[in-house]
$ cat protein-v2.pdb   # PDB, C-alpha atoms and all ligand atoms
ATOM      1  CA  MET A   1     -10.375   8.047 -17.114
ATOM      2  CA  GLU A   2      -9.259   8.124 -20.704
ATOM      3  CA  ALA A   3      -5.658   7.253 -21.309
ATOM      4  CA  GLY A   4      -3.415  10.060 -22.524
ATOM      5  CA  VAL A   5      -0.826   8.878 -25.014
ATOM      6  CA  GLU A   6       2.552  10.443 -25.585
ATOM      7  CA  SER A   7       5.251   8.731 -27.604
ATOM      8  CA  GLY A   8       2.950   5.702 -27.777
ATOM      9  CA  VAL A   9       3.039   5.341 -23.992
ATOM     10  CA  PRO A  10      -0.200   5.660 -21.981
ATOM     11  CA  THR A  11       0.468   8.187 -19.188
ATOM     12  CA  SER A  12      -2.792   8.845 -17.392
ATOM     13  CA  VAL A  13      -4.256   5.462 -16.498
ATOM     14  CA  GLU A  14      -3.903   5.348 -12.717
ATOM     15  CA  THR A  15      -3.272   2.261 -10.655
ATOM     16  CA  GLY A  16      -5.052   1.834  -7.302
ATOM     17  CA  TYR A  17      -1.776   2.844  -5.684
ATOM     18  CA  GLU A  18      -1.685   6.100  -7.647
ATOM     19  CA  GLN A  19      -5.325   6.909  -6.863
ATOM     20  CA  ILE A  20      -4.393   6.794  -3.193
ATOM     21  CA  VAL A  21      -1.011   8.473  -3.313
ATOM     22  CA  THR A  22      -2.395  11.440  -5.299
ATOM     23  CA  ARG A  23      -4.878  11.936  -2.459
ATOM     24  CA  LEU A  24      -2.110  11.742   0.140
ATOM     25  CA  ILE A  25       0.576  13.929  -1.388
ATOM     26  CA  PRO A  26      -0.136  17.339  -2.918
ATOM     27  CA  GLY A  27       1.508  17.516  -6.329
ATOM     28  CA  TYR A  28       2.149  13.765  -6.616
ATOM     29  CA  ALA A  29       0.514  13.726 -10.064
ATOM     30  CA  SER A  30       3.327  15.961 -11.376
ATOM     31  CA  LEU A  31       6.197  14.402  -9.456
ATOM     32  CA  ALA A  32       7.257  11.809 -12.013
ATOM     33  CA  ARG A  33       7.108  14.417 -14.796
ATOM     34  CA  LEU A  34       9.175  16.853 -12.734
ATOM     35  CA  GLY A  35      11.714  14.204 -11.725
ATOM     36  CA  VAL A  36      12.279  13.013 -15.280
ATOM     37  CA  ALA A  37      12.529  16.590 -16.600
ATOM     38  CA  LEU A  38      15.151  17.388 -13.946
ATOM     39  CA  LEU A  39      17.221  14.354 -14.794
ATOM     40  CA  ALA A  40      16.872  14.941 -18.533
ATOM     41  CA  ALA A  41      18.515  18.339 -17.965
ATOM     42  CA  SER A  42      21.363  16.898 -15.865
ATOM     43  CA  PRO A  43      24.974  16.848 -17.115
ATOM     44  CA  LEU A  44      25.165  13.082 -17.774
ATOM     45  CA  ALA A  45      21.585  11.886 -18.288
ATOM     46  CA  SER A  46      20.945  14.594 -20.888
ATOM     47  CA  ALA A  47      23.094  12.551 -23.304
ATOM     48  CA  HIS A  48      21.312  10.472 -25.936
ATOM     49  CA  GLY A  49      20.864   6.853 -24.816
ATOM     50  CA  ALA A  50      21.804   7.598 -21.193
ATOM     51  CA  SER A  51      21.485   4.796 -18.681
ATOM     52  CA  VAL A  52      18.951   5.613 -15.947
ATOM     53  CA  LEU A  53      17.966   3.697 -12.813
ATOM     54  CA  VAL A  54      14.419   3.932 -11.481
ATOM     55  CA  ALA A  55      14.932   2.782  -7.896
ATOM     56  CA  GLY A  56      11.706   1.621  -6.230
ATOM     57  CA  CYS A  57       9.772   1.934  -9.487
ATOM     58  CA  GLY A  58       6.504   0.871  -7.830
ATOM     59  CA  SER A  59       3.623   0.720 -10.278
ATOM     60  CA  GLY A  60       5.616   2.531 -12.958
ATOM     61  CA  ALA A  61       4.777   6.265 -12.833
ATOM     62  CA  GLU A  62       8.396   7.366 -13.372
ATOM     63  CA  LEU A  63       8.994   4.707 -16.026
ATOM     64  CA  LEU A  64       5.969   5.832 -18.061
ATOM     65  CA  GLU A  65       7.080   9.416 -17.830
ATOM     66  CA  ALA A  66      10.680   8.542 -18.728
ATOM     67  CA  ARG A  67       9.490   6.641 -21.788
ATOM     68  CA  ALA A  68       7.287   9.605 -22.814
ATOM     69  CA  GLN A  69       9.969  12.283 -22.345
ATOM     70  CA  ARG A  70      13.092  10.292 -23.196
ATOM     71  CA  PRO A  71      12.366   7.204 -25.296
ATOM     72  CA  ASP A  72      16.126   6.943 -25.934
ATOM     73  CA  TRP A  73      17.033   6.247 -22.287
ATOM     74  CA  GLN A  74      18.136   2.754 -21.317
ATOM     75  CA  LEU A  75      16.088   2.127 -18.183
ATOM     76  CA  THR A  76      16.670  -0.193 -15.259
ATOM     77  CA  ALA A  77      13.440  -0.713 -13.305
ATOM     78  CA  LEU A  78      14.202  -1.951  -9.813
ATOM     79  CA  ASP A  79      11.782  -2.929  -7.055
ATOM     80  CA  PRO A  80      11.876  -5.738  -4.466
ATOM     81  CA  SER A  81       8.087  -6.147  -4.680
ATOM     82  CA  ALA A  82       6.976  -8.662  -7.298
ATOM     83  CA  ALA A  83       3.424  -7.256  -7.173
ATOM     84  CA  MET A  84       4.604  -3.701  -7.914
ATOM     85  CA  LEU A  85       6.938  -4.858 -10.683
ATOM     86  CA  ASP A  86       4.086  -6.833 -12.277
ATOM     87  CA  LEU A  87       1.892  -3.721 -12.289
ATOM     88  CA  ALA A  88       4.646  -1.631 -13.853
ATOM     89  CA  ARG A  89       5.495  -4.297 -16.418
ATOM     90  CA  GLY A  90       1.829  -4.518 -17.417
ATOM     91  CA  ARG A  91       1.626  -0.767 -17.979
ATOM     92  CA  LEU A  92       4.826  -0.734 -20.018
ATOM     93  CA  ALA A  93       4.020  -3.839 -22.014
ATOM     94  CA  GLY A  94       5.614  -3.693 -25.435
ATOM     95  CA  GLN A  95       8.237  -1.132 -24.422
ATOM     96  CA  THR A  96      11.811  -2.159 -25.134
ATOM     97  CA  GLY A  97      15.017  -0.948 -23.505
ATOM     98  CA  ILE A  98      13.917  -1.692 -19.932
ATOM     99  CA  ASP A  99      15.915  -4.018 -17.707
ATOM    100  CA  TRP A 100      13.481  -5.314 -15.041
ATOM    101  CA  GLN A 101      15.038  -6.327 -11.724
ATOM    102  CA  GLN A 102      13.220  -7.627  -8.672
ATOM    103  CA  ALA A 103      15.739  -6.433  -6.115
ATOM    104  CA  SER A 104      16.493  -3.739  -3.574
ATOM    105  CA  VAL A 105      18.913  -0.887  -4.232
ATOM    106  CA  GLU A 106      21.210  -2.273  -1.538
ATOM    107  CA  SER A 107      21.697  -5.449  -3.555
ATOM    108  CA  LEU A 108      22.881  -3.587  -6.671
ATOM    109  CA  GLU A 109      26.403  -4.194  -7.807
ATOM    110  CA  ALA A 110      28.488  -1.146  -6.810
ATOM    111  CA  ARG A 111      29.531  -0.565 -10.409
ATOM    112  CA  ALA A 112      29.426   3.033 -11.637
ATOM    113  CA  ARG A 113      27.241   2.525 -14.677
ATOM    114  CA  PHE A 114      24.167   4.778 -14.388
ATOM    115  CA  ASP A 115      24.077   8.365 -15.686
ATOM    116  CA  GLY A 116      21.170   9.224 -13.419
ATOM    117  CA  ALA A 117      18.580   7.794 -11.061
ATOM    118  CA  LEU A 118      15.185   8.470  -9.568
ATOM    119  CA  ALA A 119      14.270   7.386  -6.038
ATOM    120  CA  VAL A 120      10.778   8.697  -5.312
ATOM    121  CA  LEU A 121       9.200   7.887  -1.918
ATOM    122  CA  VAL A 122      11.584   4.981  -1.278
ATOM    123  CA  LEU A 123      14.208   6.026   1.307
ATOM    124  CA  GLN A 124      11.451   7.058   3.764
ATOM    125  CA  ALA A 125      10.570   3.404   4.395
ATOM    126  CA  LEU A 126      14.050   2.519   5.680
ATOM    127  CA  PRO A 127      14.990   3.024   9.337
ATOM    128  CA  ASP A 128      17.934   5.315  10.053
ATOM    129  CA  ASP A 129      19.929   2.520  11.687
ATOM    130  CA  GLY A 130      22.482   2.097   8.921
ATOM    131  CA  ARG A 131      19.923   1.073   6.317
ATOM    132  CA  LYS A 132      19.374   4.590   4.933
ATOM    133  CA  LEU A 133      23.155   5.029   4.672
ATOM    134  CA  ALA A 134      23.567   1.637   2.969
ATOM    135  CA  PHE A 135      20.847   2.532   0.439
ATOM    136  CA  LEU A 136      22.405   5.924  -0.345
ATOM    137  CA  THR A 137      25.960   4.534  -0.504
ATOM    138  CA  VAL A 138      25.069   1.847  -3.038
ATOM    139  CA  LEU A 139      23.021   4.374  -5.004
ATOM    140  CA  ALA A 140      26.009   6.758  -5.159
ATOM    141  CA  ARG A 141      28.396   3.975  -6.195
ATOM    142  CA  SER A 142      26.058   2.773  -8.903
ATOM    143  CA  LEU A 143      26.280   6.206 -10.581
ATOM    144  CA  ARG A 144      29.072   7.483 -12.746
ATOM    145  CA  PRO A 145      30.918  10.411 -11.093
ATOM    146  CA  GLY A 146      28.817  13.532 -11.722
ATOM    147  CA  GLY A 147      25.634  11.452 -12.072
ATOM    148  CA  GLN A 148      22.553  12.815 -10.341
ATOM    149  CA  VAL A 149      19.669  11.322  -8.374
ATOM    150  CA  VAL A 150      16.241  12.870  -7.962
ATOM    151  CA  LEU A 151      15.342  11.915  -4.403
ATOM    152  CA  VAL A 152      11.829  12.626  -3.085
ATOM    153  CA  ASP A 153      10.879  11.683   0.449
ATOM    154  CA  LEU A 154       8.673  12.418   3.420
ATOM    155  CA  MET A 155      10.770  14.679   5.665
ATOM    156  CA  GLN A 156      10.749  15.481   9.360
ATOM    157  CA  PRO A 157      10.445  19.281   9.757
ATOM    158  CA  GLU A 158      13.286  20.464  11.998
ATOM    159  CA  ARG A 159      12.324  22.665  14.936
ATOM    160  CA  SER A 160       9.726  24.201  12.694
ATOM    161  CA  PRO A 161       7.154  26.488  14.359
ATOM    162  CA  ILE A 162       4.664  25.341  11.705
ATOM    163  CA  GLN A 163       5.186  21.596  12.227
ATOM    164  CA  GLN A 164       1.712  21.079  13.701
ATOM    165  CA  GLN A 165       0.182  23.186  10.938
ATOM    166  CA  LEU A 166       1.892  21.023   8.274
ATOM    167  CA  LEU A 167       0.490  17.896   9.896
ATOM    168  CA  GLU A 168      -3.031  19.319  10.055
ATOM    169  CA  ALA A 169      -2.778  20.591   6.484
ATOM    170  CA  SER A 170      -1.711  17.121   5.359
ATOM    171  CA  LEU A 171      -4.785  15.582   6.969
ATOM    172  CA  GLY A 172      -6.966  18.382   5.563
ATOM    173  CA  PHE A 173      -5.596  17.764   2.063
ATOM    174  CA  GLN A 174      -6.369  14.059   2.368
ATOM    175  CA  ARG A 175      -9.903  14.759   3.630
ATOM    176  CA  ALA A 176     -10.558  17.278   0.849
ATOM    177  CA  SER A 177      -9.237  14.779  -1.707
ATOM    178  CA  GLY A 178     -11.887  12.323  -0.599
ATOM    179  CA  LEU A 179      -9.568   9.739   0.917
ATOM    180  CA  GLU A 180     -11.773   9.205   3.986
ATOM    181  CA  THR A 181     -14.963   9.306   1.936
ATOM    182  CA  ALA A 182     -13.570   6.747  -0.453
ATOM    183  CA  ALA A 183     -12.530   4.497   2.449
ATOM    184  CA  ALA A 184     -15.980   4.852   4.049
ATOM    185  CA  GLU A 185     -17.698   4.025   0.750
ATOM    186  CA  ASP A 186     -15.513   0.944   0.523
ATOM    187  CA  ARG A 187     -16.517  -0.145   4.031
ATOM    188  CA  GLU A 188     -20.183   0.425   3.147
ATOM    189  CA  ALA A 189     -19.864  -1.936   0.200
ATOM    190  CA  GLN A 190     -17.526  -4.263   2.037
ATOM    191  CA  ARG A 191     -19.366  -7.491   1.340
ATOM    192  CA  ALA A 192     -19.308  -6.916  -2.393
ATOM    193  CA  THR A 193     -15.831  -5.410  -2.586
ATOM    194  CA  ALA A 194     -13.966  -6.930   0.348
ATOM    195  CA  ALA A 195     -10.798  -7.372  -1.684
ATOM    196  CA  THR A 196     -10.821  -3.765  -2.962
ATOM    197  CA  SER A 197     -11.481  -2.399   0.503
ATOM    198  CA  ALA A 198      -8.790  -4.523   2.119
ATOM    199  CA  SER A 199      -6.229  -3.654  -0.516
ATOM    200  CA  ARG A 200      -7.057   0.072  -0.271
ATOM    201  CA  ASP A 201      -6.630  -0.042   3.519
ATOM    202  CA  ALA A 202      -3.359  -1.937   3.112
ATOM    203  CA  LEU A 203      -2.091   0.608   0.575
ATOM    204  CA  VAL A 204      -3.027   3.582   2.756
ATOM    205  CA  ALA A 205      -1.329   1.902   5.735
ATOM    206  CA  GLU A 206       1.789   1.185   3.697
ATOM    207  CA  LEU A 207       1.976   4.786   2.541
ATOM    208  CA  THR A 208       1.326   6.393   5.903
ATOM    209  CA  THR A 209       2.635   4.129   8.662
ATOM    210  CA  GLY A 210       5.995   2.609   9.510
ATOM    211  CA  LEU A 211       7.838   5.419   7.727
ATOM    212  CA  HIS A 212      11.110   6.871   8.978
ATOM    213  CA  PRO A 213      11.359  10.525   7.937
ATOM    214  CA  ILE A 214      14.517  12.425   8.842
ATOM    215  CA  GLY A 215      15.351  16.127   8.938
ATOM    216  CA  LEU A 216      17.375  18.040   6.364
ATOM    217  CA  SER A 217      20.527  18.184   8.516
ATOM    218  CA  ARG A 218      20.504  14.400   8.972
ATOM    219  CA  LEU A 219      19.831  13.843   5.263
ATOM    220  CA  THR A 220      22.714  16.185   4.413
ATOM    221  CA  ALA A 221      25.068  14.201   6.685
ATOM    222  CA  LEU A 222      23.930  10.875   5.220
ATOM    223  CA  VAL A 223      24.239  11.891   1.569
ATOM    224  CA  GLU A 224      27.658  13.406   2.267
ATOM    225  CA  ALA A 225      28.822  10.144   3.916
ATOM    226  CA  ALA A 226      27.387   8.188   0.983
ATOM    227  CA  GLY A 227      29.447  10.123  -1.601
ATOM    228  CA  PHE A 228      27.063  12.845  -2.781
ATOM    229  CA  GLY A 229      27.369  16.624  -2.558
ATOM    230  CA  ASP A 230      24.838  18.694  -0.589
ATOM    231  CA  PRO A 231      21.182  18.037  -1.452
ATOM    232  CA  ALA A 232      19.772  20.804  -3.689
ATOM    233  CA  PRO A 233      16.064  21.415  -2.996
ATOM    234  CA  VAL A 234      13.831  21.095  -6.073
ATOM    235  CA  TYR A 235      10.343  20.376  -4.704
ATOM    236  CA  GLN A 236       8.309  20.754  -1.542
ATOM    237  CA  ALA A 237       4.682  20.008  -0.762
ATOM    238  CA  LEU A 238       4.052  20.282   2.977
ATOM    239  CA  ASP A 239       6.383  17.655   4.483
ATOM    240  CA  VAL A 240       7.280  15.869   1.240
ATOM    241  CA  GLU A 241      10.470  17.252  -0.246
ATOM    242  CA  GLY A 242      12.532  16.597  -3.336
ATOM    243  CA  PHE A 243      16.270  17.044  -3.830
ATOM    244  CA  LEU A 244      18.866  16.683  -6.536
ATOM    245  CA  LEU A 245      21.918  14.783  -5.338
ATOM    246  CA  GLN A 246      25.091  14.666  -7.416
ATOM    247  CA  ARG A 247      27.752  12.013  -7.005
ATOM    248  CA  ARG A 248      31.081  13.606  -6.179
ATOM    249  CA  ASP A 249      33.916  12.890  -8.601
TER     250      ASP A 249
HETATM  251  C1  LIG A 301       5.810   4.363  -1.990
HETATM  252  S1  LIG A 301       6.332   3.340  -3.317
HETATM  253  C2  LIG A 301       6.874   4.550  -4.519
HETATM  254  C3  LIG A 301       6.779   4.022  -5.916
HETATM  255  C4  LIG A 301       7.117   5.040  -7.016
HETATM  256  N1  LIG A 301       8.475   5.486  -6.905
HETATM  257  C5  LIG A 301       6.162   6.198  -6.950
HETATM  258  O1  LIG A 301       6.551   7.288  -6.537
HETATM  259  O2  LIG A 301       5.013   6.010  -7.324
HETATM  260  C6  LIG A 301       7.895   2.720  -2.725
HETATM  261  C7  LIG A 301       8.431   1.588  -3.573
HETATM  262  O3  LIG A 301       9.781   1.339  -3.173
HETATM  263  C8  LIG A 301      10.008  -0.057  -3.115
HETATM  264  N2  LIG A 301      11.139  -0.282  -2.190
HETATM  265  C9  LIG A 301      11.102  -0.423  -0.852
HETATM  266  N3  LIG A 301      12.349  -0.621  -0.370
HETATM  267  C10 LIG A 301      13.191  -0.575  -1.428
HETATM  268  C11 LIG A 301      14.608  -0.715  -1.584
HETATM  269  N4  LIG A 301      15.391  -0.934  -0.507
HETATM  270  N5  LIG A 301      15.139  -0.622  -2.816
HETATM  271  C12 LIG A 301      14.340  -0.396  -3.886
HETATM  272  N6  LIG A 301      12.987  -0.264  -3.806
HETATM  273  C13 LIG A 301      12.426  -0.351  -2.588
HETATM  274  C14 LIG A 301       8.675  -0.628  -2.650
HETATM  275  O4  LIG A 301       8.530  -1.994  -2.985
HETATM  276  C15 LIG A 301       7.680   0.278  -3.380
HETATM  277  O5  LIG A 301       7.305  -0.248  -4.626
END
$ encode --input "protein-v2.pdb" --output "structure tokens"
Amino acid sequence: MEAGVESGVPTSVETGYEQIVTRLIPGYASLARLGVALLAASPLASAHGASVLVAGCGSGAELLEARAQRPDWQLTALDPSAAMLDLARGRLAGQTGIDWQQASVESLEARARFDGALAVLVLQALPDDGRKLAFLTVLARSLRPGGQVVLVDLMQPERSPIQQQLLEASLGFQRASGLETAAAEDREAQRATAATSASRDALVAELTTGLHPIGLSRLTALVEAAGFGDPAPVYQALDVEGFLLQRRD
């Protein structure tokens, strides 16, 4: 694929992770663009030179988009995974104004210094045993009062009569996107591409297993306890939903 370039930042070269996640989640390819546009229109992060946290930056989709839409933002790119941070760093090579931190959100200093944050597909990996609340509490405290977070996560539909249909549609979307075909092709060529095949399987497993989705009422209770107002819905694709959270004053 040819790289698109906006503001000197390549935006369309996909990592292996992105090739898989776009086949798993309808609309993923637009998520970073949507998230950044939402934050750029928020009361605090709309200011020139705003300070923005990309929590769980992964391979850098939101960072690339932030650089393209808002080159003036001071970015903090946070991820506990050295491998993911390396990927993101490589894609943003030469970009200034990014503070790279190999750390989890929970380890952030609770100092209200960010005007906004993005947390896309991060909270879903944490069990709801106090760890989701700890993540959200530190996130809220790291924002200035009135600061907003764009939170996108796999959700658990609540008593929904279409729950089974959502699940089947998810699998159908993945099949139609060629995820199974691609995995089968990898297995076919396993001897030659053992590393690619193994890493694809590991990525798919990481993105689909061991997740801890919660329902909207539980999310509302958690964000309220953490110091945010009610989650405002901004995105939904099957069981992946996005919300704007605003830190209470
Ligand atoms: C599914 S990826 C999403 C990456 C990126 N936000 C995206 O949408 O493409 C989740 C990322 O969150 C990171 N992560 C997991 N737990 C975290 C935590 N407690 N704090 C910050 N990042 C975390 C993982 O290392 C991984 O890179």
$ residues_near_ligand --input "protein-v2.pdb" --ligand "ligand LIG 301 (chain A)" --cutoff "9 Å" --atoms "only C-alpha atoms and all ligand atoms" --output "JSON, numbers by chain"
{"A": [17, 18, 21, 28, 31, 32, 54, 55, 56, 57, 58, 59, 60, 61, 62, 78, 79, 80, 81, 82, 83, 84, 85, 102, 103, 104, 105, 106, 107, 118, 119, 120, 121, 122, 123, 124, 125, 126, 131, 132, 135, 152, 206, 207]}
$ residues_around --input "protein-v2.pdb" --residues "A:Leu222" --least-positions-apart "6" --cutoff "10 Å" --atoms "all atoms listed in the file" --output "short mmCIF file (atom, residue, chain, number, x, y, z; two decimals) with C-alpha atoms, keeping the file's coordinate frame"
data_model
loop_
_atom_site.label_atom_id
_atom_site.label_comp_id
_atom_site.auth_asym_id
_atom_site.auth_seq_id
_atom_site.Cartn_x
_atom_site.Cartn_y
_atom_site.Cartn_z
CA ASP A 128 17.93 5.32 10.05
CA GLY A 130 22.48 2.10 8.92
CA LYS A 132 19.37 4.59 4.93
CA LEU A 133 23.16 5.03 4.67
CA ALA A 134 23.57 1.64 2.97
CA LEU A 136 22.40 5.92 -0.34
CA THR A 137 25.96 4.53 -0.50
CA LEU A 216 17.38 18.04 6.36
CA PHE A 228 27.06 12.84 -2.78
CA ASP A 230 24.84 18.69 -0.59
#
$ residues_near_point --input "protein-v2.pdb" --point "(19.2, 3.2, -14.2)" --cutoff "8 Å" --atoms "all atoms listed in the file" --output "PyMOL selection string"
chain A and resi 51-55+74-77+114-117
$ atom_distance --input "protein-v2.pdb" --atom1 "atom CA of A:Gly16" --atom2 "atom CA of A:Asp72"
28.7 Å
$ atom_distance --input "protein-v2.pdb" --atom1 "atom CA of A:Glu158" --atom2 "atom CA of A:Gly35"
24.6 Å
$ atom_distance --input "protein-v2.pdb" --atom1 "atom CA of A:Met155" --atom2 "atom CA of A:His212"
8.5 Å
$ resolve_selection --input "protein-v2.pdb" --expression "the PyMOL selection byres (((chain A and resi 25) around 12) and not hetatm)" --output "PyMOL selection string"
chain A and resi 18-24+26-31+121+152-154+167+169-177+179+204+207-208+236-241
$ closest_residue --input "protein-v2.pdb" --among "A:Leu211, A:Arg89, A:Leu203, A:Arg141" --to "A:Pro127" --atoms "all atoms listed in the file"
A:Leu211
$ closest_residue --input "protein-v2.pdb" --among "A:Ala140, A:Arg91, A:Arg218, A:Ile162" --to "A:Glu109" --atoms "all atoms listed in the file"
A:Ala140
$ decode --input "protein-v2.pdb" --residues "stretch 135-149 of chain A" --atoms "N, CA, C and O atoms" --output "compact mmCIF listing (two decimals), in the first residue's frame"
# COMPACT_ATOMS: atom_id res chain seq x y z
N PHE A 135 -7.38 2.08 36.75
CA PHE A 135 -7.01 2.67 35.46
C PHE A 135 -7.78 3.98 35.24
O PHE A 135 -7.20 5.03 34.94
N LEU A 136 -9.11 3.90 35.42
CA LEU A 136 -9.95 5.07 35.15
C LEU A 136 -9.69 6.20 36.15
O LEU A 136 -9.73 7.38 35.80
N THR A 137 -9.40 5.83 37.41
CA THR A 137 -9.17 6.85 38.44
C THR A 137 -7.89 7.63 38.14
O THR A 137 -7.86 8.87 38.19
N VAL A 138 -6.83 6.90 37.79
CA VAL A 138 -5.57 7.59 37.47
C VAL A 138 -5.75 8.44 36.21
O VAL A 138 -5.26 9.56 36.12
N LEU A 139 -6.47 7.89 35.24
CA LEU A 139 -6.71 8.63 34.00
C LEU A 139 -7.43 9.95 34.32
O LEU A 139 -7.02 11.02 33.84
N ALA A 140 -8.47 9.87 35.15
CA ALA A 140 -9.23 11.09 35.50
C ALA A 140 -8.32 12.09 36.21
O ALA A 140 -8.33 13.29 35.90
N ARG A 141 -7.50 11.59 37.14
CA ARG A 141 -6.65 12.51 37.92
C ARG A 141 -5.51 13.10 37.10
O ARG A 141 -4.93 14.11 37.48
N SER A 142 -5.19 12.43 36.00
CA SER A 142 -4.10 12.96 35.18
C SER A 142 -4.59 14.08 34.25
O SER A 142 -3.80 14.76 33.61
N LEU A 143 -5.93 14.26 34.21
CA LEU A 143 -6.51 15.31 33.36
C LEU A 143 -6.79 16.57 34.16
O LEU A 143 -7.13 16.49 35.35
N ARG A 144 -6.70 17.71 33.49
CA ARG A 144 -7.17 18.93 34.15
C ARG A 144 -8.69 18.86 34.24
O ARG A 144 -9.35 18.25 33.38
N PRO A 145 -9.29 19.48 35.29
CA PRO A 145 -10.75 19.48 35.38
C PRO A 145 -11.37 19.97 34.07
O PRO A 145 -10.91 20.97 33.51
N GLY A 146 -12.36 19.25 33.57
CA GLY A 146 -12.98 19.60 32.29
C GLY A 146 -12.33 18.90 31.11
O GLY A 146 -12.84 18.93 30.00
N GLY A 147 -11.17 18.25 31.35
CA GLY A 147 -10.50 17.51 30.28
C GLY A 147 -11.31 16.28 29.88
O GLY A 147 -12.03 15.71 30.71
N GLN A 148 -11.19 15.91 28.62
CA GLN A 148 -11.98 14.77 28.13
C GLN A 148 -11.10 13.61 27.67
O GLN A 148 -9.97 13.82 27.23
N VAL A 149 -11.67 12.41 27.78
CA VAL A 149 -11.04 11.20 27.25
C VAL A 149 -11.95 10.61 26.19
O VAL A 149 -13.16 10.53 26.38
